[in-house]
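This report concerns only the one structure given below.
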Amino acid sequence: LDRSYGSSARRKRAWVVVNPHAGPGGADKIWRKQVKPIFDAARMPMTVVRTTYSGEAVKLAQELNIDDFDIAVPCSGDGLPHEVFNGLGQRPDARRALSKIAVCHIPCGSGNAMSCNLYGTHRPTLAALAIVKGLPTPLDLISVTQGTKRTLSFLSQALGMIADLDITTEHLRWMGPHRFTYGFLVLALQKKVYPCDIAIKAEIEHKDGVKEHYRKQVTQKGPSQSPQQSDDDDDGDQGLPPLKYGTATDKLPEGWELVPHEKLGSFYCGNMAYMAPDANFFAAALSNDGLMDLVMTDGDIPVLKNIGLQLAMDSGHFFDSPLVTYRKVSAYRIIPRIPDAKCCISIDGEAFPWEPFQAEVHQGLGLTLSK
Ligand code: ADP
Ligand code: MG
């Protein structure tokens, strides 16, 4: 699916960041044996750093000399691209940094959604080749606020079963992707519900409308509109775009309505189609349509139906299941009703506190490379 804006550049200057802790722990070797030889053959100028603690890539991206590089190449799971986007987003020149440095991905983690979406593979060598040939492609980024803390999300926000899945299987890292299958079975058996109040700024409410939107967008070459250029670019302010709807602590924006969801099982909002190699979770997601794709399911559905739902993802029938609601949205607020020390919010697969949050999308704020 070509949604690129640019053509391929030669000898992209790469800032490579290796997370030795990613997935089962082979990122160093993958970089050395499978990726570096390909970048060398393409005569890409490279600077390589290794992270030594969680969060270091945020700091490194914040201090990066962006004029020296064209692309950032995390060798990791989805955690490091998340950190790099946030580091770039915390700079005084955030907007320039986010539109100058194309954030790419070499899949080395247990969650490698980014490369599955951009290059159609979770094999490091194929991802490396795709990066060498890659086309600059704007990427929607989502501001998520909890209290006054603002985080950029490039992939997903989740709470309920799917979020708990990611976080409760953290100690099973050695299993690789199988940790998610195991975790799913454990949680489906519990039929857990997560009562929440949710306000949604929905742009397309019904599945037929979503399908129509998707069909129209993919039959066009490239995106329908160029990303919004904010009016205040002129005054030299290059920080992140202002929040249109404030934060979860502000009064509810006009026209929004908080609706109770007593039986919520999973709340899952995505920006790209694949969440794992065999999980086309957001069948109608597009990476720069300026919209997020929101999927909700109830938690009290029978275990076998729940398993059937997961299997339907492989066959592409997940989207059509009556057990699934699917909308295109531009913003939302979600307030968990019941405090629970064991639950968490997952943003791009990273754990955040079980507290109200609000999200809004910024069309094409980030940059990546796609095939
Ligand atoms: P995975 O897909 O296996 O979770 P990620 O790249 O997403 O792999 O990384 C998992 C976590 O490791 C992230 O939260 C990231 O912040 C953290 N991390 C990064 N570098 C290090 C390090 N050197 N030591 C420990 N944790 C790290
Ligand atoms: Mg989108």
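Letters for chains follow the order of the structure tokens (A, B, ...), residue numbers begin at 1 for each chain, and ligand numbers begin at 1 in the order shown.
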Contact table chain A vs ligand 2, cut-off 6 Å, shortest pair per residue, only C-alpha atoms and all ligand atoms, as CSV:
```
residue,atom,partner,partner_atom_place_in_ligand_line,distance
A:Asp140,CA,ligand 2,1 (Mg),5.7
A:Asn271,CA,ligand 2,1 (Mg),4.6
A:Ala285,CA,ligand 2,1 (Mg),5.7
A:Leu286,CA,ligand 2,1 (Mg),4.5
A:Ser287,CA,ligand 2,1 (Mg),4.3
A:Asn288,CA,ligand 2,1 (Mg),4.8
A:Asp289,CA,ligand 2,1 (Mg),4.7
A:Gly290,CA,ligand 2,1 (Mg),5.0
A:Leu291,CA,ligand 2,1 (Mg),4.2
A:Met292,CA,ligand 2,1 (Mg),4.8
```
Report as a Markdown table: every residue of segment 105-183 of chain A with an atom at most 10 Å from segment 17-20 of chain A, its closest pair of atoms, and their distance in Å to one decimal, counting only C-alpha atoms, with rows sorted by chain and ascending residue number.
```
| residue | atom | partner | partner_atom | distance |
| --- | --- | --- | --- | --- |
| A:His105 | CA | A:Val17 | CA | 9.8 |
| A:Ile106 | CA | A:Val18 | CA | 9.3 |
| A:Cys108 | CA | A:Asn19 | CA | 8.4 |
| A:Gly109 | CA | A:Asn19 | CA | 8.8 |
```
Counting only C-alpha atoms and all ligand atoms, name the residues that have an atom within 7 Å of an atom of ligand 1; the answer should be given as a compact mmCIF listing (two decimals) with N, CA and C atoms, in the first residue's frame.
```
# COMPACT_ATOMS: atom_id res chain seq x y z
N ASN A 19 18.84 -2.09 21.10
CA ASN A 19 18.38 -2.43 22.46
C ASN A 19 18.77 -3.88 22.76
N PRO A 20 19.87 -4.09 23.50
CA PRO A 20 20.34 -5.46 23.75
C PRO A 20 19.35 -6.27 24.57
N HIS A 21 18.37 -5.59 25.17
CA HIS A 21 17.40 -6.23 26.05
C HIS A 21 16.13 -6.65 25.29
N ALA A 22 16.01 -6.28 24.01
CA ALA A 22 14.76 -6.52 23.26
C ALA A 22 14.52 -8.01 23.06
N GLY A 23 13.23 -8.39 23.09
CA GLY A 23 12.80 -9.75 22.79
C GLY A 23 13.61 -10.77 23.57
N PRO A 24 13.93 -11.90 22.92
CA PRO A 24 14.74 -12.90 23.62
C PRO A 24 16.20 -12.47 23.78
N THR A 51 21.69 0.95 23.77
CA THR A 51 21.07 1.50 24.99
C THR A 51 21.57 0.71 26.20
N THR A 52 21.66 1.42 27.33
CA THR A 52 22.12 0.75 28.55
C THR A 52 21.02 0.70 29.61
N TYR A 53 19.94 1.45 29.40
CA TYR A 53 18.81 1.38 30.32
C TYR A 53 17.54 1.79 29.60
N SER A 54 16.38 1.41 30.19
CA SER A 54 15.10 1.75 29.59
C SER A 54 14.90 3.27 29.64
N GLY A 55 14.54 3.87 28.54
CA GLY A 55 14.32 5.32 28.51
C GLY A 55 15.51 6.08 27.94
N GLU A 56 16.63 5.42 27.76
CA GLU A 56 17.81 6.14 27.28
C GLU A 56 17.62 6.69 25.86
N SER A 76 15.21 -3.40 17.70
CA SER A 76 14.48 -3.57 18.95
C SER A 76 13.09 -4.09 18.66
N GLY A 77 12.24 -4.10 19.70
CA GLY A 77 10.81 -4.27 19.47
C GLY A 77 10.21 -2.90 19.20
N ASP A 78 8.90 -2.76 19.46
CA ASP A 78 8.26 -1.47 19.22
C ASP A 78 8.60 -0.44 20.29
N GLY A 79 9.25 -0.88 21.35
CA GLY A 79 9.56 0.01 22.47
C GLY A 79 10.53 1.13 22.12
N LEU A 80 11.53 0.82 21.32
CA LEU A 80 12.53 1.84 21.00
C LEU A 80 12.03 2.88 19.99
N GLU A 83 10.25 5.27 22.00
CA GLU A 83 11.13 6.18 22.74
C GLU A 83 11.71 7.24 21.81
N GLY A 109 12.49 -7.55 18.56
CA GLY A 109 11.81 -7.68 19.84
C GLY A 109 10.80 -8.81 19.83
N SER A 110 9.95 -8.86 20.86
CA SER A 110 8.86 -9.82 20.82
C SER A 110 7.63 -9.18 20.17
N GLY A 111 7.49 -7.85 20.26
CA GLY A 111 6.44 -7.15 19.52
C GLY A 111 7.11 -6.32 18.43
N ASN A 112 6.85 -6.68 17.17
CA ASN A 112 7.50 -6.00 16.04
C ASN A 112 6.48 -5.48 15.05
N ARG A 173 9.18 -13.23 28.43
CA ARG A 173 9.93 -12.69 27.31
C ARG A 173 10.67 -13.78 26.52
N GLU A 350 4.01 -0.25 25.85
CA GLU A 350 4.68 0.12 27.12
C GLU A 350 3.61 0.37 28.19
```
From the set A:Lys36, A:His171, A:Ile101, A:Asp68, which residue has the shortest atom-to-atom contact distance to Thr125 of chain A, counting only C-alpha atoms? A:Lys36
Skipping near chain neighbours, those fewer than 5 positions away, what residues fall within 7 Å of segment 297-313 of chain A using only C-alpha atoms, listed as a list in words?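 In the requested form, the answer reads Ala188, Leu189, Lys191, Lys192, Val193, Lys263, Leu264, Gly265, Ser266, Phe267, Ala279, Asn280, Phe281, Phe318, Leu323, Val324 and Thr325 of chain A.
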Can you tell me, as a PyMOL selection string, what residues are no more than 7 Å from Val16 of chain A when counting only C-alpha atoms, ignoring any on the same chain fewer than 5 positions away? chain A and resi 46-49+72-74
Suppose we keep C-alpha atoms; can you now write the selection as a PDB file, in the first residue's frame?
```
ATOM      1  CA  MET A  46      26.244   5.054  10.149  1.00  0.00           C
ATOM      2  CA  THR A  47      26.526   5.954  13.794  1.00  0.00           C
ATOM      3  CA  VAL A  48      25.695   3.077  16.146  1.00  0.00           C
ATOM      4  CA  VAL A  49      24.710   3.338  19.802  1.00  0.00           C
ATOM      5  CA  ALA A  72      16.789   6.607  12.929  1.00  0.00           C
ATOM      6  CA  VAL A  73      17.040   2.818  12.996  1.00  0.00           C
ATOM      7  CA  PRO A  74      16.038   1.200  16.284  1.00  0.00           C
TER       8      PRO A  74
END
```
Restricting the calculation to only C-alpha atoms: of A:Pro138, A:Pro45, A:Asp278, A:Gln62, which residue gets closest to Gln363 of chain A?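 Answer, going by the shortest atom-to-atom distance: A:Pro138.
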Which residues come within 9 Å of Ile200 of chain A, counting only C-alpha atoms, excluding same-chain residues fewer than 2 positions away, as a count of residues only? 12
Can you list, as a ChimeraX atom specification, every residue of segment 116-320 of chain A that DSSP puts in strand (DSSP E)? /A:135-146,149-153,156-160,196-204,259-261,264-270,292-298
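Minimum atom-to-atom distances from A:Thr249, A:Thr151, A:Ser7, A:Thr121 to Val361 of chain A were compared using only C-alpha atoms, and the lowest value belongs to A:Thr151.
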List every residue of segment 49-232 of chain A that DSSP, applied to the backbone, labels as alpha helix (DSSP H), and write the result as a PyMOL selection string. chain A and resi 56-63+79-89+94-100+113-119+124-133+161-168+178-190+207-219
Considering only C-alpha atoms, return as a list in words whatever protein or nucleic-acid residues lie within 9 Å of Gln90 of chain A, sequence-local ones (same chain, fewer than 4 positions apart) excluded. Val58, Ala61, Gln62, Phe85, Asn86, Ala94, Gly239 and Leu240 of chain A
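Shortest separation to Pro92 of chain A among A:Pro107, A:Tyr119, A:Gln238, A:Ile30 occurs at residue A:Gln238, atoms counted being only C-alpha atoms.
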Return the single residue from A:Ile66, A:Ala130, A:Ile335, A:Leu155 that is closest to Ala97 of chain A, with distances computed using only C-alpha atoms.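 Among the listed residues, the smallest separation from Ala97 of chain A belongs to A:Ile66.
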